[in-house]
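Chemist: input23.cif (mmCIF, C-alpha atoms) pasted underneath:
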```cif
data_entry
#
loop_
_atom_site.label_atom_id
_atom_site.label_comp_id
_atom_site.auth_asym_id
_atom_site.auth_seq_id
_atom_site.Cartn_x
_atom_site.Cartn_y
_atom_site.Cartn_z
CA LEU A 875 20.93 15.17 33.39
CA ARG A 876 19.95 13.61 36.69
CA SER A 877 20.32 9.83 36.93
CA THR A 878 17.54 7.48 38.02
CA GLY A 879 19.84 6.14 40.72
CA ARG A 880 19.76 2.56 39.44
CA LYS A 881 21.58 0.60 36.79
CA GLU A 882 19.72 0.39 33.50
CA PRO A 883 19.16 -3.20 32.28
CA LEU A 884 20.94 -4.37 29.15
CA GLN A 885 20.63 -7.90 27.79
CA ARG A 886 21.34 -9.00 24.24
CA HIS A 887 21.20 -12.52 22.81
CA ASP A 888 22.08 -13.53 19.23
CA PHE A 889 21.56 -17.08 18.03
CA GLY A 890 20.87 -18.95 14.81
CA TRP A 891 21.95 -21.76 12.51
CA THR A 892 23.21 -22.39 8.99
CA LEU A 893 22.93 -25.47 6.79
CA GLY A 894 24.15 -26.08 3.27
CA GLY A 895 25.29 -28.76 0.90
CA PRO A 896 24.66 -30.58 -2.38
CA ILE A 897 21.27 -31.84 -3.50
CA LEU A 898 22.51 -33.11 -6.84
CA ARG A 899 26.26 -33.49 -6.69
CA GLY A 900 27.95 -31.13 -9.11
CA LYS A 901 24.62 -29.65 -10.22
CA LEU A 902 22.41 -28.32 -7.43
CA HIS A 903 23.41 -26.91 -4.04
CA PHE A 904 21.42 -25.28 -1.29
CA PHE A 905 22.07 -23.00 1.65
CA ALA A 906 19.66 -21.99 4.43
CA SER A 907 20.04 -19.97 7.61
CA GLN A 908 18.08 -18.34 10.39
CA GLU A 909 19.19 -15.75 12.91
CA TRP A 910 17.41 -14.24 15.91
CA ASN A 911 18.21 -11.34 18.18
CA ARG A 912 16.54 -10.65 21.52
CA GLU A 913 17.41 -7.42 23.30
CA ARG A 914 16.18 -5.83 26.51
CA ARG A 915 17.52 -2.41 27.42
CA GLY A 916 16.68 0.44 29.73
CA VAL A 917 15.97 3.74 27.97
CA LEU A 918 16.45 6.88 30.05
CA ARG A 919 13.67 9.43 29.67
CA SER A 920 13.23 12.82 31.26
CA GLY A 921 11.27 16.03 31.01
CA GLN A 922 9.47 18.85 32.78
CA VAL A 923 5.93 17.84 33.73
CA PRO A 924 3.04 19.63 35.51
CA THR A 925 2.83 19.24 39.26
CA ALA A 926 -0.17 17.68 41.02
CA GLU A 927 -1.44 21.14 42.02
CA GLU A 928 -1.06 22.52 38.50
CA ARG A 929 -3.14 19.61 37.20
CA GLN A 930 -5.96 20.83 39.45
CA GLY A 931 -5.70 24.41 38.20
CA ARG A 932 -3.77 25.69 41.21
CA PHE A 933 -0.82 27.85 40.21
CA GLY A 934 -0.02 29.57 43.49
CA GLY A 935 2.78 27.22 44.51
CA PRO A 936 6.50 27.80 43.99
CA GLY A 937 7.62 27.34 40.43
CA ILE A 938 10.92 26.40 38.83
CA PRO A 939 12.89 29.63 38.18
CA GLY A 940 13.44 30.08 34.48
CA CYS A 941 11.24 27.11 33.62
CA THR A 942 7.71 27.56 34.97
CA PRO A 943 5.57 29.58 32.53
CA PRO A 944 3.80 32.75 33.71
CA ARG A 945 0.68 32.44 35.85
CA PRO A 946 -2.38 31.88 33.66
CA LEU A 947 -4.69 34.82 32.97
CA ASP A 948 -8.45 34.70 32.86
CA PRO A 949 -9.28 35.13 29.13
CA LEU A 950 -12.55 36.84 30.11
CA THR A 951 -10.92 39.59 32.17
CA GLY A 952 -7.30 39.55 31.09
CA ARG A 953 -6.28 39.41 34.77
CA PRO A 954 -4.87 36.60 36.93
CA PHE A 955 -7.40 34.24 38.44
CA PRO A 956 -8.12 34.99 42.14
CA GLY A 957 -5.44 33.29 44.20
CA ASN A 958 -3.96 31.94 40.94
CA VAL A 959 -6.57 29.15 41.07
CA ILE A 960 -8.70 28.27 38.06
CA PRO A 961 -12.25 27.37 39.21
CA ASP A 962 -13.23 23.75 38.61
CA SER A 963 -16.09 24.91 36.41
CA ARG A 964 -13.59 26.62 34.09
CA LEU A 965 -11.31 23.60 33.65
CA SER A 966 -11.44 22.14 30.13
CA PRO A 967 -12.37 18.44 29.93
CA GLY A 968 -10.03 18.15 26.98
CA GLY A 969 -7.23 19.86 28.88
CA LEU A 970 -7.67 17.50 31.82
CA LEU A 971 -7.35 14.55 29.44
CA LEU A 972 -4.23 16.06 27.87
CA LEU A 973 -2.65 16.29 31.32
CA GLN A 974 -2.96 12.52 31.64
CA LEU A 975 -0.27 12.22 28.96
CA TYR A 976 2.27 13.42 31.52
CA PRO A 977 3.48 11.52 34.60
CA LEU A 978 3.77 13.19 37.98
CA PRO A 979 7.13 14.72 39.01
CA ASN A 980 9.46 12.27 40.75
CA THR A 981 12.57 14.38 41.31
CA VAL A 982 13.65 17.90 42.22
CA PRO A 983 15.34 19.87 39.42
CA GLU A 984 19.04 20.48 39.80
CA ALA A 985 20.31 24.04 39.94
CA GLY A 986 19.77 25.69 36.57
CA GLY A 987 17.72 22.76 35.25
CA CYS A 988 14.02 22.22 34.52
CA THR A 989 13.80 18.42 34.66
CA ASN A 990 11.43 17.20 37.37
CA TRP A 991 10.69 13.73 35.96
CA VAL A 992 13.29 11.06 35.19
CA ASP A 993 12.74 7.36 34.61
CA SER A 994 14.41 4.39 32.96
CA LEU A 995 11.88 2.27 31.07
CA PRO A 996 12.80 -1.26 29.95
CA THR A 997 12.11 -1.91 26.28
CA ARG A 998 12.29 -5.11 24.23
CA ILE A 999 13.57 -5.29 20.66
CA THR A 1000 13.34 -8.50 18.62
CA TRP A 1001 14.79 -9.26 15.19
CA ARG A 1002 14.69 -12.32 12.93
CA GLN A 1003 16.08 -13.14 9.50
CA ASP A 1004 15.47 -16.22 7.28
CA ASN A 1005 17.56 -17.00 4.19
CA VAL A 1006 17.26 -19.67 1.49
CA ARG A 1007 19.54 -19.97 -1.54
CA LEU A 1008 19.78 -22.43 -4.45
CA ASP A 1009 22.64 -22.66 -6.95
CA TYR A 1010 22.14 -24.73 -10.11
CA SER A 1011 24.73 -25.47 -12.80
CA LEU A 1012 22.99 -25.76 -16.16
CA ASP A 1013 26.31 -26.59 -17.80
CA GLU A 1014 30.00 -25.85 -17.29
CA ARG A 1015 29.55 -22.22 -18.31
CA THR A 1016 26.06 -21.35 -17.11
CA ARG A 1017 24.84 -21.03 -13.51
CA LEU A 1018 21.51 -20.05 -11.99
CA MET A 1019 21.21 -18.62 -8.48
CA VAL A 1020 17.95 -18.00 -6.62
CA ARG A 1021 17.87 -16.41 -3.16
CA ALA A 1022 15.03 -15.38 -0.85
CA THR A 1023 15.37 -13.39 2.38
CA GLN A 1024 12.75 -12.48 4.93
CA ASP A 1025 13.49 -10.39 8.00
CA GLY A 1026 11.80 -8.10 10.45
CA TRP A 1027 12.19 -6.35 13.78
CA ALA A 1028 9.68 -5.35 16.42
CA ASN A 1029 9.78 -2.92 19.33
CA SER A 1030 6.73 -2.84 21.58
CA ALA A 1031 5.93 -0.10 24.09
CA PRO A 1032 7.71 1.33 25.92
CA ASN A 1033 9.74 1.72 22.75
CA ALA A 1034 13.35 2.74 22.37
CA THR A 1035 12.41 6.15 20.88
CA SER A 1036 15.39 7.95 19.35
CA ALA A 1037 17.80 5.31 20.70
CA ASN A 1038 16.43 2.98 18.02
CA GLY A 1039 16.03 5.59 15.31
CA LEU A 1040 12.27 5.89 15.77
CA TRP A 1041 10.30 9.08 15.46
CA GLY A 1042 6.92 10.53 16.37
CA ASP A 1043 6.72 9.61 20.06
CA ASP A 1044 7.21 11.86 23.06
CA PRO A 1045 9.22 10.61 26.06
CA TYR A 1046 6.21 9.94 28.29
CA PRO A 1047 4.88 6.37 28.59
CA ALA A 1048 1.11 7.00 28.78
CA VAL A 1049 0.56 6.79 25.01
CA GLU A 1050 3.24 5.27 22.78
CA SER A 1051 3.63 3.36 19.57
CA ALA A 1052 4.56 -0.25 18.96
CA TRP A 1053 6.74 -0.66 15.88
CA LYS A 1054 7.17 -3.54 13.44
CA GLN A 1055 9.09 -3.53 10.17
CA PRO A 1056 8.73 -6.74 8.16
CA GLY A 1057 10.70 -6.98 4.93
CA ARG A 1058 11.48 -9.45 2.20
CA SER A 1059 13.63 -9.69 -0.91
CA MET A 1060 14.14 -12.14 -3.77
CA ILE A 1061 16.86 -12.41 -6.40
CA ALA A 1062 17.16 -14.64 -9.46
CA GLN A 1063 20.47 -14.40 -11.31
CA LEU A 1064 21.63 -16.17 -14.47
CA THR A 1065 25.37 -16.05 -15.15
CA ARG A 1066 27.14 -17.31 -18.28
CA SER A 1067 30.89 -17.36 -18.73
CA LEU A 1068 32.25 -16.13 -22.04
CA GLY A 1069 35.60 -17.71 -21.43
CA SER A 1070 38.46 -15.29 -21.08
CA ARG A 1071 36.43 -12.54 -22.75
CA GLY A 1072 33.98 -11.83 -19.92
CA ILE A 1073 30.77 -12.79 -18.18
CA ASN A 1074 27.13 -12.08 -18.99
CA THR A 1075 24.78 -11.65 -16.03
CA LEU A 1076 21.00 -11.30 -16.01
CA ARG A 1077 19.50 -10.39 -12.63
CA LEU A 1078 15.89 -9.98 -11.52
CA ALA A 1079 15.32 -8.59 -8.03
CA TYR A 1080 12.42 -7.69 -5.78
CA SER A 1081 12.46 -6.12 -2.33
CA ALA A 1082 9.87 -4.51 -0.07
CA ASN A 1083 9.33 -3.55 3.54
CA ARG A 1084 6.74 -1.69 5.53
CA PHE A 1085 6.18 -0.08 8.93
CA ASP A 1086 3.34 -1.28 11.13
CA ILE A 1087 2.69 1.26 13.90
CA THR A 1088 -0.01 0.59 16.49
CA PRO A 1089 -0.94 2.56 19.64
CA GLU A 1090 0.19 1.06 22.94
CA GLY A 1091 1.47 2.41 26.25
CA GLU A 1092 0.07 2.59 29.75
CA ASP A 1093 -3.27 3.97 28.44
CA PRO A 1094 -3.52 3.32 24.68
CA GLU A 1095 -7.15 4.49 24.56
CA LEU A 1096 -6.27 7.93 25.91
CA GLY A 1097 -5.53 9.28 22.45
CA LYS A 1098 -9.02 8.36 21.24
CA ALA A 1099 -10.57 10.02 24.30
CA ILE A 1100 -8.62 13.24 23.65
CA ASN A 1101 -9.61 13.29 19.98
CA ALA A 1102 -13.26 12.73 20.91
CA THR A 1103 -13.21 15.59 23.45
CA ILE A 1104 -11.22 18.15 21.46
CA PRO A 1105 -12.63 18.61 17.92
CA PRO A 1106 -9.88 18.44 15.29
CA LEU A 1107 -9.15 21.47 13.14
CA PHE A 1108 -9.62 19.38 10.00
CA PRO A 1109 -12.37 16.83 10.73
CA PRO A 1110 -12.27 13.63 8.67
CA GLU A 1111 -14.61 13.51 5.72
#
```
Go ahead and render the structure in this file as structure tokens.
Modeler:
Amino acid sequence: LRSTGRKEPLQRHDFGWTLGGPILRGKLHFFASQEWNRERRGVLRSGQVPTAEERQGRFGGPGIPGCTPPRPLDPLTGRPFPGNVIPDSRLSPGGLLLLQLYPLPNTVPEAGGCTNWVDSLPTRITWRQDNVRLDYSLDERTRLMVRATQDGWANSAPNATSANGLWGDDPYPAVESAWKQPGRSMIAQLTRSLGSRGINTLRLAYSANRFDITPEGEDPELGKAINATIPPLFPPE
């Protein structure tokens, strides 16, 4: 894989605080904490993209051996277009919009390779977690613990794609997704000592998280324009 020729950025900062102590000595204690993470990294992306001439329907130029698909045929005649050039009147408006998903080539493929576009895009990933815990001694043998945790991470476009375990996005930056995953959990636990015989524990727990995915990128409205130009196979009811 060809390099971009420059060092990819990588910055990571972790910071936070903790605080705990008695509220009622010997009876009620608390603990609280917060932690943040701020990361900025360069994500290497690459692919084979159409050339400027191919975007205009001109396929007479030199291709990439073993990579460039066959010259397009006129579906009305079954023969190549004259001069391997598709007339402007025959170019699909939807196809022209689809081509805007791809950047222009910025490198020459290495021998035996097909990659003609390589870039390192900086992405930002943020994470935060909040914790609160209370411990209460009802008596010498019975304790109650309550804990609440809230956390979440966010990765705006250009996102980290597979480097961050995400899915559903192609490597090109025109249309991407911004990701957020907020989550929370709560636990209430009652513990009673049975002396040397054992311990009884009653625990109630709740946890939930979700994914919020919104369109972003260099042209976030491009997807809507493509969908409006090319009718879907299964139109919405």
Chemist: Skipping near chain neighbours, those fewer than 3 positions away, what residues fall within 9 Å of region 1065-1073 of chain A using only C-alpha atoms, listed as an NGL selection string?
Modeler: :A and (1014-1019 or 1076-1077)
Chemist: Mind dumping a table of every region 934-989 of chain A residue within 12 Å of region 1085-1096 of chain A, with the nearest atom pair and its distance in Å to one decimal, using only C-alpha atoms, sorted by chain and rising number, as CSV?
Modeler:
```
residue,atom,partner,partner_atom,distance
A:Gly968,CA,A:Leu1096,CA,10.9
A:Leu970,CA,A:Leu1096,CA,11.3
A:Leu971,CA,A:Leu1096,CA,7.6
A:Leu972,CA,A:Leu1096,CA,8.6
A:Leu973,CA,A:Leu1096,CA,10.6
A:Gln974,CA,A:Leu1096,CA,8.1
A:Leu975,CA,A:Leu1096,CA,8.0
A:Tyr976,CA,A:Glu1092,CA,11.2
A:Pro977,CA,A:Glu1092,CA,10.7
```
Chemist: Hey, what comes out of the PyMOL selection byres ((chain A and resi 947-964) around 8) on this file? Could you write it as a PyMOL selection string?
Modeler: chain A and resi 930-934+945-946+965-966
Chemist: Looking at A:Pro1106, A:Pro939, A:Gly894, A:Pro1045, which one is nearest to Pro983 (chain A), with distances taken over all atoms listed in the file?
Modeler: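 For Pro983 (chain A), the nearest of the candidates is A:Pro939.
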Chemist: Applying the PyMOL selection byres ((chain A and resi 985) around 12) to the file I just gave you, which residues come out? Please list them as a list in words.
Modeler: Leu875, Arg876, Ile938, Pro939, Gly940, Cys941, Val982, Pro983, Glu984, Gly986, Gly987, Cys988, Thr989 and Asn990 of chain A
Chemist: Would you export the selected residues with C-alpha atoms as an mmCIF file, in the frame of the given file, please?
Modeler:
```cif
data_model
loop_
_atom_site.group_PDB
_atom_site.id
_atom_site.type_symbol
_atom_site.label_atom_id
_atom_site.label_comp_id
_atom_site.auth_asym_id
_atom_site.auth_seq_id
_atom_site.Cartn_x
_atom_site.Cartn_y
_atom_site.Cartn_z
ATOM 1 C CA LEU A 875 20.930 15.170 33.390
ATOM 2 C CA ARG A 876 19.950 13.610 36.690
ATOM 3 C CA ILE A 938 10.920 26.400 38.830
ATOM 4 C CA PRO A 939 12.890 29.630 38.180
ATOM 5 C CA GLY A 940 13.440 30.080 34.480
ATOM 6 C CA CYS A 941 11.240 27.110 33.620
ATOM 7 C CA VAL A 982 13.650 17.900 42.220
ATOM 8 C CA PRO A 983 15.340 19.870 39.420
ATOM 9 C CA GLU A 984 19.040 20.480 39.800
ATOM 10 C CA GLY A 986 19.770 25.690 36.570
ATOM 11 C CA GLY A 987 17.720 22.760 35.250
ATOM 12 C CA CYS A 988 14.020 22.220 34.520
ATOM 13 C CA THR A 989 13.800 18.420 34.660
ATOM 14 C CA ASN A 990 11.430 17.200 37.370
#
```
Chemist: Could you tell me how far CA of Asn980 (chain A) lies from CA of Thr942 (chain A), in Å and to one decimal?
Modeler: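 Separation of CA of Asn980 (chain A) and CA of Thr942 (chain A): 16.4 Å.
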Chemist: Go through A:Leu902, A:Ala1028, A:Ala1102, A:Ala926 and flag the residue nearest Thr1000 (chain A), using only C-alpha atoms for the distances.
Modeler: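 Smallest separation from Thr1000 (chain A) among the options: A:Ala1028.
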Chemist: Please determine the residues with any atom at most 12 Å from (14.1, -9.0, -5.5) (coordinates as given in the file, with only C-alpha atoms counting) and report them as a list of chain:residue names.
Modeler: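 Within 12 Å of (14.1, -9.0, -5.5), the protein and nucleic acid residues are A:Val1020, A:Arg1021, A:Ala1022, A:Thr1023, A:Gln1024, A:Gly1057, A:Arg1058, A:Ser1059, A:Met1060, A:Ile1061, A:Ala1062, A:Gln1063, A:Arg1077, A:Leu1078, A:Ala1079, A:Tyr1080, A:Ser1081, A:Ala1082, A:Asn1083.
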Chemist: Write the residues of the preceding selection, restricted to C-alpha atoms, as a PDB file, in the coordinates of the input.
Modeler:
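Once everything was written out, this is out-v4.pdb:
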```pdb
ATOM      1  CA  VAL A1020      17.950 -18.000  -6.620  1.00  0.00           C
ATOM      2  CA  ARG A1021      17.870 -16.410  -3.160  1.00  0.00           C
ATOM      3  CA  ALA A1022      15.030 -15.380  -0.850  1.00  0.00           C
ATOM      4  CA  THR A1023      15.370 -13.390   2.380  1.00  0.00           C
ATOM      5  CA  GLN A1024      12.750 -12.480   4.930  1.00  0.00           C
ATOM      6  CA  GLY A1057      10.700  -6.980   4.930  1.00  0.00           C
ATOM      7  CA  ARG A1058      11.480  -9.450   2.200  1.00  0.00           C
ATOM      8  CA  SER A1059      13.630  -9.690  -0.910  1.00  0.00           C
ATOM      9  CA  MET A1060      14.140 -12.140  -3.770  1.00  0.00           C
ATOM     10  CA  ILE A1061      16.860 -12.410  -6.400  1.00  0.00           C
ATOM     11  CA  ALA A1062      17.160 -14.640  -9.460  1.00  0.00           C
ATOM     12  CA  GLN A1063      20.470 -14.400 -11.310  1.00  0.00           C
ATOM     13  CA  ARG A1077      19.500 -10.390 -12.630  1.00  0.00           C
ATOM     14  CA  LEU A1078      15.890  -9.980 -11.520  1.00  0.00           C
ATOM     15  CA  ALA A1079      15.320  -8.590  -8.030  1.00  0.00           C
ATOM     16  CA  TYR A1080      12.420  -7.690  -5.780  1.00  0.00           C
ATOM     17  CA  SER A1081      12.460  -6.120  -2.330  1.00  0.00           C
ATOM     18  CA  ALA A1082       9.870  -4.510  -0.070  1.00  0.00           C
ATOM     19  CA  ASN A1083       9.330  -3.550   3.540  1.00  0.00           C
TER      20      ASN A1083
END
```
Chemist: For a test of reading the model, state the distance in Å between CA of Phe889 (chain A) and CA of Ala1031 (chain A), rounded to one decimal.
Modeler: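 CA of Ala1031 (chain A) lies 23.9 Å from CA of Phe889 (chain A).
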Chemist: What is the CA of Asp993 (chain A) to CA of Arg912 (chain A) distance in Å?
Modeler: 22.6 Å
Chemist: From the options A:Thr1075, A:Gln1055, A:Asn1101, A:Thr925, which residue's atoms come nearest to Gln1003 (chain A), counting all atoms listed in the file?
Modeler: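 Answer, going by the shortest atom-to-atom distance: A:Gln1055.
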Chemist: Taking all atoms of region 923-931 of chain A that appear in the file, build a box with edges along x, y and z, extend it by 8 Å on every side, and state its centre and edge lengths in Å to one decimal, as AutoDock Vina command-line options.
Modeler:
```
--center_x 0.0 --center_y 21.0 --center_z 37.9 --size_x 27.9 --size_y 22.7 --size_z 24.3
```
Chemist: Could you list as an MDAnalysis selection string every residue that has an atom within 12 Å of (16.1, -16.4, 22.6), using the file's coordinates and counting all atoms listed in the file?
Modeler: chainID A and resid 885:890 909:914 999:1002
